[in-house]
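Accompanying notes for the structure given below.
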Amino acid sequence: MRFAVRWPDGVESSHYSPSLVMHDYLSTGSRYDVSDFVARSSEALDAAGERVRAAYGFACTSAMASRDEIVRTAGAYAGGEVTVLRMEPPLPAVSS
């Protein structure tokens with residue numbers, strides 16, 4: 001899946017996760033303090049990478065690259081909020 005965010009200065013970035021587990025940690029339209037966003041997205045991307053390792057026997061380097069890019073980008077901000085713009089694909093609708 002891909003998820004897009006807007007950083008405190010208005011710059012947008014897109015990131016990859018091999019798992020929909022991102023939906024357990026982030027929500028479209030939500031705003032997170034930079035440090036909270038880094039913690040949530042890092043934990044989610046680590047979990048996604050472990051799912052790949054469990055299924056295929058090797059880690060997902062793309063998930064780790066996304067995590068590293070987020071951490072590196074966040075280092076440029078002393079504070080502020082990150083807004084989650086999109087998460088694609090969205091979670092399937094729950095039938096009642």
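Following the order of the structure tokens, chains are lettered A, B, ..., residues in each are numbered from 1, and ligands are numbered from 1.
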Could you please write out, as JSON, numbers by chain, every residue of segment 16-96 of chain A that DSSP assigns to helix (DSSP H, G or I)?
-> {"A": [20, 21, 22, 23, 24, 34, 35, 36, 37, 38, 39, 40, 41, 42, 43, 44, 45, 46, 47, 48, 49, 50, 51, 52, 53, 54, 55, 56, 61, 62, 63, 64, 65, 66, 67, 68, 69, 70, 71, 72, 73, 74]}
Selection: 10 Å around Ala65 of chain A, only C-alpha atoms, excl. self and same-chain fewer than 3 positions, as JSON, numbers by chain = {"A": [15, 16, 17, 45, 60, 61, 62, 68, 69, 70, 71]}
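For the atom pair formed by atom CA of Arg2 of chain A and atom CA of His23 of chain A, the distance is 11.0 Å, given to one decimal.
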Within 12 Å of Glu43 of chain A, counting only C-alpha atoms, which residues qualify if same-chain residues fewer than 3 places away don't, as a list in words?
-> Ser17, Val21, Met22, His23, Asp24, Tyr25, Leu26, Asp36, Phe37, Val38, Ala39, Arg40, Asp46, Ala47, Ala48, Gly49, Glu50, Ala63, Met64, Ser66, Arg67, Asp68, Ile70 and Val71 of chain A
Step one, run DSSP on the backbone; step two, keep only residues of chain A assigned to strand (DSSP E); then write them as a list in words.
-> Arg2, Phe3, Ala4, Val5, Arg6, Glu12, Ser13, Ser14, His15, Tyr16, Arg31, Tyr32, Asp33, Glu81, Val82, Thr83, Val84, Leu85, Arg86, Met87 and Glu88 of chain A
If we count only C-alpha atoms, what is near Asp9 of chain A at a cut-off of 10 Å, once residues fewer than 5 positions away on the same chain are taken out, given as number ranges by chain?
-> A: 77, 80-82
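Those residues that approach Gly79 of chain A to within 8 Å, counting only C-alpha atoms, are A:Pro8, A:Asp33, A:Val34, A:Ser35; same-chain residues fewer than 3 positions away are not listed.
Atom CA of Pro90 of chain A is found 8.8 Å from atom CA of Met1 of chain A.
Interatomic distance, atom CA of Ala93 of chain A to atom CA of Ser30 of chain A: 18.9 Å.
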